[in-house]
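J.: Structure: model.cif, mmCIF, C-alpha atoms.
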data_query
#
loop_
_atom_site.label_atom_id
_atom_site.label_comp_id
_atom_site.auth_asym_id
_atom_site.auth_seq_id
_atom_site.Cartn_x
_atom_site.Cartn_y
_atom_site.Cartn_z
CA MET A 1 0.00 0.00 0.00
CA ILE A 2 2.71 2.41 1.05
CA ARG A 3 4.59 1.44 -2.06
CA LEU A 4 1.54 2.22 -4.18
CA ILE A 5 1.13 5.64 -2.59
CA SER A 6 4.77 6.50 -3.04
CA LEU A 7 4.59 5.32 -6.65
CA SER A 8 1.61 7.52 -7.36
CA LEU A 9 3.36 10.42 -5.63
CA LEU A 10 6.35 9.82 -7.84
CA ALA A 11 4.10 9.82 -10.87
CA CYS A 12 2.62 13.15 -9.79
CA ALA A 13 6.09 14.60 -9.30
CA SER A 14 7.28 13.48 -12.71
CA VAL A 15 4.24 14.92 -14.47
CA GLY A 16 4.89 18.10 -12.53
CA ILE A 17 2.44 20.85 -11.79
CA ALA A 18 3.90 24.03 -13.19
CA ALA A 19 4.59 26.29 -10.24
CA GLU A 20 5.85 29.81 -10.76
CA ILE A 21 9.38 30.54 -9.60
CA PRO A 22 9.24 32.61 -6.38
CA LEU A 23 10.28 36.21 -7.02
CA GLN A 24 13.40 36.07 -4.84
CA GLU A 25 14.66 33.02 -6.77
CA ARG A 26 14.42 34.54 -10.24
CA ARG A 27 17.84 34.66 -11.87
CA SER A 28 19.12 35.88 -15.20
CA GLY A 29 20.53 33.36 -17.67
CA PHE A 30 23.87 35.11 -17.10
CA GLU A 31 24.22 33.42 -13.72
CA PHE A 32 23.87 29.94 -15.20
CA MET A 33 26.83 30.37 -17.56
CA SER A 34 30.46 29.35 -17.15
CA PRO A 35 32.84 32.04 -15.80
CA GLN A 36 34.53 32.10 -19.23
CA THR A 37 31.31 32.92 -21.10
CA GLN A 38 30.40 35.47 -18.41
CA ALA A 39 33.76 37.19 -18.92
CA MET A 40 33.25 37.18 -22.68
CA GLN A 41 29.95 39.01 -22.24
CA ALA A 42 31.05 41.42 -19.53
CA GLU A 43 34.07 42.79 -21.42
CA GLU A 44 32.85 44.88 -24.34
CA SER A 45 36.03 44.34 -26.35
CA SER A 46 35.50 40.57 -26.32
CA ASN A 47 31.69 40.52 -26.63
CA PRO A 48 30.90 39.75 -30.29
CA GLY A 49 27.43 41.25 -29.83
CA MET A 50 29.16 44.64 -29.74
CA LEU A 51 29.90 44.24 -33.48
CA TRP A 52 26.15 44.41 -34.12
CA VAL A 53 25.73 47.27 -31.64
CA ALA A 54 28.43 49.21 -33.49
CA ASP A 55 26.64 48.58 -36.75
CA GLY A 56 23.35 49.66 -35.20
CA GLU A 57 24.96 52.93 -34.14
CA ARG A 58 25.96 53.58 -37.75
CA LEU A 59 22.45 52.71 -39.04
CA TRP A 60 20.88 54.98 -36.42
CA GLY A 61 22.47 58.00 -38.09
CA GLU A 62 22.06 56.82 -41.69
CA PRO A 63 19.60 58.95 -43.71
CA HIS A 64 16.99 57.31 -45.92
CA ALA A 65 15.21 58.32 -49.10
CA PRO A 66 12.87 60.04 -49.84
CA ASP A 67 13.04 62.54 -46.96
CA GLY A 68 16.64 61.96 -45.99
CA LYS A 69 15.53 61.26 -42.44
CA SER A 70 17.53 59.04 -40.12
CA CYS A 71 16.45 57.63 -36.76
CA ALA A 72 18.55 60.40 -35.22
CA SER A 73 16.60 63.13 -37.09
CA CYS A 74 13.65 62.58 -34.73
CA HIS A 75 15.10 60.72 -31.76
CA ALA A 76 18.45 62.57 -31.57
CA GLU A 77 20.96 60.75 -29.42
CA ALA A 78 19.92 57.18 -28.70
CA THR A 79 21.98 57.20 -25.50
CA LYS A 80 19.37 59.58 -24.05
CA SER A 81 16.16 59.02 -26.03
CA MET A 82 16.30 55.22 -26.08
CA ARG A 83 17.42 54.70 -22.50
CA GLY A 84 15.02 52.31 -20.77
CA VAL A 85 12.87 51.70 -23.85
CA ALA A 86 13.82 48.04 -24.31
CA ALA A 87 13.27 47.43 -20.59
CA ARG A 88 9.57 48.27 -20.93
CA TYR A 89 8.79 46.74 -24.34
CA PRO A 90 6.61 45.21 -25.88
CA ALA A 91 4.24 48.21 -25.82
CA PHE A 92 0.65 48.69 -26.95
CA ASP A 93 0.39 49.87 -30.54
CA GLU A 94 -2.49 52.29 -31.09
CA GLN A 95 -2.76 51.49 -34.80
CA THR A 96 -3.08 47.75 -34.70
CA LYS A 97 -4.61 47.63 -31.20
CA ARG A 98 -2.09 44.93 -30.38
CA PRO A 99 1.22 44.76 -28.54
CA ILE A 100 4.28 45.44 -30.68
CA ASP A 101 7.84 44.38 -29.98
CA LEU A 102 10.96 46.50 -30.42
CA MET A 103 11.83 45.03 -33.82
CA GLY A 104 8.28 45.56 -35.04
CA ARG A 105 8.33 49.17 -33.84
CA ILE A 106 11.64 49.89 -35.56
CA ASN A 107 10.32 48.57 -38.85
CA GLN A 108 7.01 50.40 -38.43
CA CYS A 109 8.93 53.63 -37.82
CA ARG A 110 11.04 53.02 -40.92
CA VAL A 111 8.03 52.56 -43.17
CA GLN A 112 5.71 55.23 -41.76
CA ARG A 113 8.04 57.98 -40.57
CA GLN A 114 11.07 57.55 -42.79
CA GLY A 115 9.25 56.37 -45.90
CA ALA A 116 11.88 53.68 -46.26
CA THR A 117 11.48 50.01 -47.13
CA PRO A 118 11.06 47.72 -44.12
CA LEU A 119 14.13 45.73 -43.10
CA THR A 120 13.92 41.99 -43.69
CA GLN A 121 12.84 39.94 -40.68
CA GLN A 122 15.89 38.67 -38.77
CA SER A 123 18.29 40.50 -41.09
CA ASP A 124 21.62 41.63 -39.65
CA GLU A 125 20.55 45.27 -40.16
CA LEU A 126 17.34 44.89 -38.14
CA LEU A 127 19.14 42.89 -35.45
CA ALA A 128 21.87 45.53 -35.32
CA LEU A 129 19.44 48.45 -34.91
CA THR A 130 17.44 46.54 -32.29
CA ALA A 131 20.62 45.58 -30.43
CA TYR A 132 21.77 49.21 -30.48
CA VAL A 133 18.44 50.43 -29.06
CA ALA A 134 18.30 47.66 -26.45
CA TYR A 135 21.94 48.28 -25.52
CA GLN A 136 20.86 51.70 -24.20
CA SER A 137 18.97 49.87 -21.45
CA ARG A 138 21.92 47.74 -20.39
CA GLY A 139 22.08 47.51 -16.60
CA MET A 140 18.52 48.74 -16.09
CA PRO A 141 15.86 46.57 -14.42
CA ILE A 142 13.15 45.13 -16.65
CA ALA A 143 10.02 47.22 -15.98
CA PRO A 144 7.05 46.17 -18.15
CA ALA A 145 4.59 48.86 -19.19
CA ALA A 146 1.62 49.14 -16.80
CA ASP A 147 -0.96 49.34 -19.58
CA ALA A 148 -4.21 47.54 -18.85
CA ARG A 149 -4.84 47.03 -22.57
CA LEU A 150 -1.83 44.68 -22.66
CA GLN A 151 -3.27 42.36 -20.04
CA PRO A 152 -5.35 40.03 -22.29
CA PHE A 153 -2.36 39.55 -24.60
CA ARG A 154 -0.09 38.87 -21.64
CA GLU A 155 -2.55 36.26 -20.40
CA ASN A 156 -2.49 34.67 -23.85
CA GLY A 157 1.30 34.61 -23.63
CA ARG A 158 1.08 32.90 -20.27
CA ALA A 159 -1.34 30.34 -21.71
CA TRP A 160 1.16 29.52 -24.48
CA PHE A 161 3.94 29.28 -21.89
CA GLU A 162 1.98 26.72 -19.90
CA ARG A 163 0.53 24.78 -22.83
CA ARG A 164 2.03 21.37 -23.59
CA LEU A 165 3.09 21.27 -27.22
CA GLY A 166 4.55 19.02 -29.86
CA GLN A 167 5.29 15.32 -29.98
CA LEU A 168 7.16 15.52 -26.69
CA GLN A 169 4.17 17.18 -25.00
CA LEU A 170 6.28 19.65 -23.07
CA SER A 171 5.39 23.22 -22.19
CA CYS A 172 7.87 26.06 -21.65
CA ALA A 173 7.00 25.76 -17.96
CA SER A 174 7.88 22.04 -17.88
CA CYS A 175 11.54 23.00 -18.17
CA HIS A 176 11.88 26.65 -17.26
CA ASP A 177 9.59 26.70 -14.19
CA ASP A 178 9.88 23.13 -12.94
CA ARG A 179 13.38 22.01 -13.87
CA TRP A 180 15.58 25.09 -14.04
CA GLY A 181 19.07 24.45 -12.72
CA ALA A 182 18.89 20.80 -13.84
CA ARG A 183 20.64 19.63 -16.98
CA LEU A 184 19.34 18.80 -20.42
CA GLY A 185 22.12 16.83 -22.00
CA GLY A 186 25.23 18.80 -21.09
CA SER A 187 23.52 22.17 -20.75
CA VAL A 188 22.08 23.80 -17.67
CA ILE A 189 18.40 24.66 -18.04
CA PRO A 190 18.03 28.38 -17.31
CA GLN A 191 14.83 30.03 -16.14
CA GLY A 192 14.18 31.46 -19.58
CA HIS A 193 14.28 35.19 -18.92
CA PRO A 194 14.66 37.41 -22.02
CA THR A 195 17.12 39.83 -20.41
CA GLY A 196 19.67 40.21 -23.16
CA TYR A 197 18.00 40.05 -26.60
CA PRO A 198 19.05 40.41 -29.31
CA LEU A 199 21.93 38.28 -28.06
CA TYR A 200 25.00 36.52 -29.38
CA ARG A 201 24.60 32.79 -29.12
CA LEU A 202 27.76 30.76 -29.46
CA GLU A 203 25.71 27.97 -31.05
CA TRP A 204 24.42 30.38 -33.72
CA GLN A 205 27.80 32.08 -34.19
CA SER A 206 25.71 35.19 -34.61
CA VAL A 207 23.32 37.61 -32.97
CA GLY A 208 19.71 36.45 -32.98
CA SER A 209 16.32 37.46 -31.68
CA LEU A 210 14.10 36.09 -28.95
CA GLN A 211 11.82 34.74 -31.68
CA ARG A 212 14.68 32.72 -33.11
CA ARG A 213 15.35 31.31 -29.64
CA LEU A 214 11.67 30.48 -29.12
CA ARG A 215 11.52 28.76 -32.50
CA GLY A 216 14.51 26.69 -31.43
CA CYS A 217 12.66 25.54 -28.31
CA LEU A 218 9.47 24.82 -30.29
CA VAL A 219 11.39 22.64 -32.73
CA GLY A 220 13.09 21.05 -29.72
CA VAL A 221 9.77 19.79 -28.35
CA ARG A 222 8.88 18.79 -31.92
CA ALA A 223 6.08 21.29 -32.33
CA GLN A 224 5.34 23.31 -35.46
CA PRO A 225 7.04 26.66 -34.76
CA PHE A 226 5.27 29.97 -35.37
CA GLU A 227 6.49 32.07 -38.28
CA PHE A 228 8.82 34.96 -37.51
CA GLY A 229 6.75 37.98 -36.61
CA ALA A 230 3.74 35.92 -35.49
CA PRO A 231 1.52 37.71 -32.94
CA GLU A 232 1.83 34.71 -30.58
CA PHE A 233 5.55 35.45 -30.21
CA VAL A 234 4.85 39.02 -29.11
CA ASP A 235 2.29 37.77 -26.57
CA ILE A 236 4.80 35.27 -25.21
CA GLU A 237 7.44 38.00 -25.00
CA LEU A 238 5.00 40.19 -23.07
CA PHE A 239 4.49 37.43 -20.53
CA LEU A 240 8.21 36.61 -20.33
CA MET A 241 9.11 40.25 -19.68
CA GLN A 242 6.51 40.36 -16.90
CA ARG A 243 7.99 37.17 -15.48
CA ALA A 244 11.50 38.66 -15.63
CA GLN A 245 10.45 41.94 -14.02
CA GLY A 246 13.28 43.49 -11.98
CA LEU A 247 16.06 41.47 -13.61
CA GLU A 248 18.88 43.42 -15.20
CA MET A 249 18.94 44.02 -18.95
CA ASP A 250 22.23 42.80 -20.42
CA THR A 251 21.89 43.33 -24.19
CA PRO A 252 23.95 42.29 -26.09
CA ALA A 253 24.17 39.17 -23.96
CA VAL A 254 26.34 36.16 -24.83
CA ARG A 255 24.77 32.75 -24.32
CA PRO A 256 26.10 29.24 -24.99
CA MET B 1 28.49 44.88 -43.54
CA THR B 2 31.74 44.13 -41.85
CA ARG B 3 32.82 45.62 -38.60
CA ALA B 4 35.98 45.35 -36.61
CA LEU B 5 36.49 46.25 -32.98
CA VAL B 6 40.01 46.86 -31.76
CA ASN B 7 41.11 47.64 -28.27
CA ALA B 8 44.51 48.92 -27.12
CA PRO B 9 45.45 51.24 -24.24
CA LYS B 10 45.46 54.90 -25.31
CA THR B 11 48.53 55.65 -23.24
CA ALA B 12 51.38 53.54 -21.93
CA ARG B 13 54.80 53.98 -20.38
CA ARG B 14 57.83 53.13 -22.49
CA GLY B 15 58.79 49.50 -21.97
CA GLU B 16 55.37 48.54 -20.58
CA VAL B 17 53.75 45.30 -21.82
CA ILE B 18 50.38 46.17 -23.32
CA GLU B 19 47.51 43.90 -24.31
CA ILE B 20 45.88 44.35 -27.69
CA ARG B 21 42.52 42.85 -28.67
CA ALA B 22 40.99 42.64 -32.10
CA MET B 23 37.67 41.19 -33.22
CA ILE B 24 36.09 41.20 -36.66
CA GLN B 25 32.64 40.37 -37.94
CA HIS B 26 33.10 37.50 -40.40
CA VAL B 27 31.08 34.35 -41.19
CA MET B 28 34.16 32.08 -41.37
CA GLU B 29 32.24 29.75 -43.68
CA THR B 30 34.09 26.43 -43.55
CA GLY B 31 33.31 25.15 -47.04
CA TYR B 32 32.03 21.89 -45.57
CA ARG B 33 28.42 22.93 -45.07
CA GLU B 34 25.53 22.50 -47.46
CA GLY B 35 22.88 25.12 -48.02
CA PRO B 36 19.13 24.35 -47.97
CA ASN B 37 19.32 23.41 -51.68
CA GLY B 38 21.98 20.75 -51.03
CA VAL B 39 24.71 22.74 -52.72
CA THR B 40 27.95 23.19 -50.81
CA ILE B 41 28.42 26.72 -49.50
CA PRO B 42 31.79 27.92 -50.81
CA ARG B 43 34.53 28.39 -48.27
CA ASN B 44 35.01 31.95 -47.09
CA ILE B 45 37.30 32.37 -44.13
CA ILE B 46 39.81 34.94 -43.04
CA ARG B 47 43.18 33.60 -44.09
CA ARG B 48 45.53 36.04 -42.51
CA PHE B 49 45.56 38.62 -39.77
CA VAL B 50 48.37 41.14 -39.38
CA CYS B 51 48.99 43.81 -36.77
CA LYS B 52 51.57 46.52 -37.38
CA TYR B 53 52.91 48.95 -34.81
CA ALA B 54 54.30 52.15 -36.31
CA GLY B 55 54.65 50.38 -39.65
CA GLU B 56 56.44 47.32 -38.28
CA GLU B 57 54.75 43.93 -38.18
CA ILE B 58 54.48 42.78 -34.56
CA PHE B 59 51.92 39.98 -34.81
CA SER B 60 50.41 37.87 -37.55
CA ALA B 61 48.25 34.78 -37.64
CA GLU B 62 47.06 32.28 -40.21
CA LEU B 63 43.47 31.18 -39.74
CA PHE B 64 41.83 27.87 -40.63
CA PRO B 65 38.27 26.60 -41.17
CA ALA B 66 37.88 25.31 -37.59
CA ILE B 67 38.06 28.84 -36.19
CA SER B 68 34.70 30.26 -35.13
CA ALA B 69 32.81 33.09 -36.79
CA ASN B 70 33.77 36.61 -35.70
CA PRO B 71 37.30 35.63 -34.64
CA TYR B 72 38.73 37.36 -31.58
CA MET B 73 42.45 37.67 -30.99
CA ALA B 74 44.32 38.98 -27.98
CA PHE B 75 48.08 39.36 -27.82
CA SER B 76 50.66 41.55 -26.16
CA THR B 77 53.56 43.71 -27.18
CA VAL B 78 56.02 46.13 -25.60
CA ALA B 79 55.16 49.82 -25.89
CA THR B 80 58.16 51.40 -27.57
CA GLU B 81 57.00 54.64 -29.17
CA SER B 82 53.91 56.74 -29.86
CA GLY B 83 52.26 55.75 -33.10
CA THR B 84 49.50 53.91 -34.88
CA LEU B 85 48.56 50.28 -34.54
CA THR B 86 47.05 48.98 -37.76
CA PHE B 87 45.10 45.77 -38.12
CA GLU B 88 44.38 43.92 -41.35
CA TRP B 89 42.25 40.86 -42.04
CA THR B 90 42.33 39.20 -45.46
CA ASP B 91 39.74 36.61 -46.49
CA ASP B 92 39.32 33.98 -49.20
CA LYS B 93 37.67 36.48 -51.51
CA GLY B 94 40.82 38.57 -51.31
CA GLU B 95 39.00 41.33 -49.47
CA THR B 96 40.99 43.14 -46.83
CA GLN B 97 39.38 44.89 -43.89
CA SER B 98 41.41 47.20 -41.75
CA ALA B 99 41.20 49.10 -38.50
CA SER B 100 43.58 51.22 -36.48
CA ALA B 101 44.23 52.57 -33.00
CA GLU B 102 46.48 55.32 -31.72
CA ILE B 103 48.80 54.91 -28.75
CA THR B 104 50.75 57.57 -26.89
CA VAL B 105 53.89 56.35 -25.16
CA THR B 106 55.44 58.48 -22.44
#
Would you mind writing the file out in structure tokens?

T.:
Amino acid sequence: MIRLISLSLLACASVGIAAEIPLQERRSGFEFMSPQTQAMQAEESSNPGMLWVADGERLWGEPHAPDGKSCASCHAEATKSMRGVAARYPAFDEQTKRPIDLMGRINQCRVQRQGATPLTQQSDELLALTAYVAYQSRGMPIAPAADARLQPFRENGRAWFERRLGQLQLSCASCHDDRWGARLGGSVIPQGHPTGYPLYRLEWQSVGSLQRRLRGCLVGVRAQPFEFGAPEFVDIELFLMQRAQGLEMDTPAVRP
Amino acid sequence: MTRALVNAPKTARRGEVIEIRAMIQHVMETGYREGPNGVTIPRNIIRRFVCKYAGEEIFSAELFPAISANPYMAFSTVATESGTLTFEWTDDKGETQSASAEITVT
């Protein structure tokens, strides 16, 4: 009898009921890395993400046809005007009545205010500009916008986070809430906080977006990933930023 | 779009050992990978890196396909005189990227 009870308890434990990580235990992915990778990120001269930031700085001041306007024409110095912006994104977009992420906003601004062609999804140029803008929030705590209109989308993001997906029937929460700190193969499972995007991933040998990372996880559980730019991704990001509230922004982060 | 980031102390005392760091944005395509269409992606790596101090070569390296994208190199030299440090990376396409840094030696 006792054996039966303990077996059923074990079964319960292995299925796992997704419990949120207590606030005081929330830790950035930075803390789960080896000292070598941490040093690579911390020193700007050895952080390869800074190559994209440098490119973003150039693009920020680059004028575009037909008006010859650059980002700097309206926003002046990014070091002042963009400080803290990435820490509170995604924001509510009045036009589409939906949340919009930083990349989406940059492209929207390009098309509507500069009259330029939109940058290709996940292109180095768009990643560079986004990294440059997000870099201005480095060291600041994540502080999601307190906009009530975002709440239903955030809840949708939470629902996706907790939903079991794919052939492996795993949710984001199965790993990042229930098993953080454990190992998956040789890698430590982090808590999944989006503190440093766009970030340089050693596996990618390049800078990539949160959406690229999420697609990687979706393929990992053998689910059909959303397309780049899908609204579901923005909703998930909204929830993740809420979940990571108070953690330090470290764009451009380096991750293994 | 290729970028290079170089880092050297702006000032140094004569005879001091200084550390120099150089990183360049480059795909370092090995030539062993296939693209989505099954066709081999041609090799494109940086073959040679040279650093000159006041016109004199102080460090050079040959690079090979196993070296990661965006290669980073750190090395040291002795500060002898004020001048310019120049950095040059040459890849398989024969393109050369360069960067420079000034150092004042007292």

J.: Any chance you could work out the residue set of the PyMOL selection byres ((chain A and resi 118) around 12) here, as a ChimeraX atom specification?

T.: /A:64,103-117,119-123,125-126

J.: Given a cut-off of 7 Å, which residues of chain A touch chain B, counting all atoms listed in the file, written out as a JSON list (two decimals) with C-alpha atoms, in the coordinates of the input?

T.:
[["chain", "number", "residue", "atom", "x", "y", "z"],
["A", 45, "SER", "CA", 36.03, 44.34, -26.35],
["A", 46, "SER", "CA", 35.50, 40.57, -26.32],
["A", 48, "PRO", "CA", 30.90, 39.75, -30.29],
["A", 51, "LEU", "CA", 29.90, 44.24, -33.48],
["A", 205, "GLN", "CA", 27.80, 32.08, -34.19]]

J.: Compile the contact shell of region 41-49 of chain B as number ranges by chain: residues with an atom at most 7 Å away, counting all atoms listed in the file, same-chain residues fewer than 6 positions apart removed.

T.: B: 28-31, 33-35, 60-65, 88-93

J.: Find, counting all atoms listed in the file, the residue in A:Arg58, A:His75, A:Lys69, A:Arg154 that gets nearest to Phe92 (chain A).

T.: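 Using all atoms listed in the file, the shortest distance to Phe92 (chain A) belongs to A:Arg154.
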
J.: Separation of CA of Ala244 (chain A) and CA of Leu202 (chain A), in Å?

T.: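 It comes out at 22.8 Å.
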
J.: Go ahead and compute the interatomic distance for CA of Ala87 (chain A) and CA of Ser187 (chain A), in Å to one decimal.

T.: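 Pair CA of Ala87 (chain A) / CA of Ser187 (chain A) returns 27.3 Å.
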
J.: What's the 8 Å shell around region 17-26 of chain A, counting all atoms listed in the file, without same-chain residues fewer than 5 positions away, as a ChimeraX atom specification?

T.: /A:12,162,173-174,177-178,191,244,247

J.: Using all atoms listed in the file, pick whichever of A:Phe153, A:Phe233, A:Tyr200, A:Phe228 has the shortest atom-to-atom distance to Gly49 (chain A).

T.: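 Among the listed residues, A:Tyr200 lies closest to Gly49 (chain A).
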
J.: With all atoms listed in the file as the atoms that count, which of A:Ala145, A:Ile100, A:Val234, A:Val133 lies nearest to Ala78 (chain A)?

T.: A:Val133

J.: Counting all atoms listed in the file, which residue out of A:Ile189, A:Met140, A:Ala128, A:Leu218 sits closest to Phe32 (chain A)?

T.: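 Counting all atoms listed in the file, the residue closest to Phe32 (chain A) is A:Ile189.
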
J.: From the set A:Pro99, A:Gly68, A:Pro256, A:Pro198, which residue has the shortest atom-to-atom contact distance to Gly186 (chain A), counting only C-alpha atoms?

T.: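 Between A:Pro99, A:Gly68, A:Pro256, A:Pro198, the residue approaching Gly186 (chain A) most closely is A:Pro256.
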
J.: Could you list the residues chosen by the PyMOL selection byres ((chain B and resi 78) around 12) in this structure as a list of chain:residue names?

T.: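 This file gives the following for the PyMOL selection byres ((chain B and resi 78) around 12): B:Ala8, B:Pro9, B:Ala12, B:Arg13, B:Arg14, B:Gly15, B:Glu16, B:Val17, B:Ile18, B:Glu19, B:Ile20, B:Tyr53, B:Ile58, B:Phe59, B:Phe75, B:Ser76, B:Thr77, B:Ala79, B:Thr80, B:Glu81, B:Ser82, B:Ile103, B:Val105.
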
J.: Hey, can you check how far CA of Cys217 (chain A) sits from CA of Leu170 (chain A)?

T.: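 We find that CA of Cys217 (chain A) and CA of Leu170 (chain A) lie 10.1 Å from each other.
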
J.: Taking the file above as input, evaluate the PyMOL selection byres ((chain A and resi 158) around 12) and report the hits as a PyMOL selection string.

T.: chain A and resi 18+20+151-157+159-163+171-173+232-243
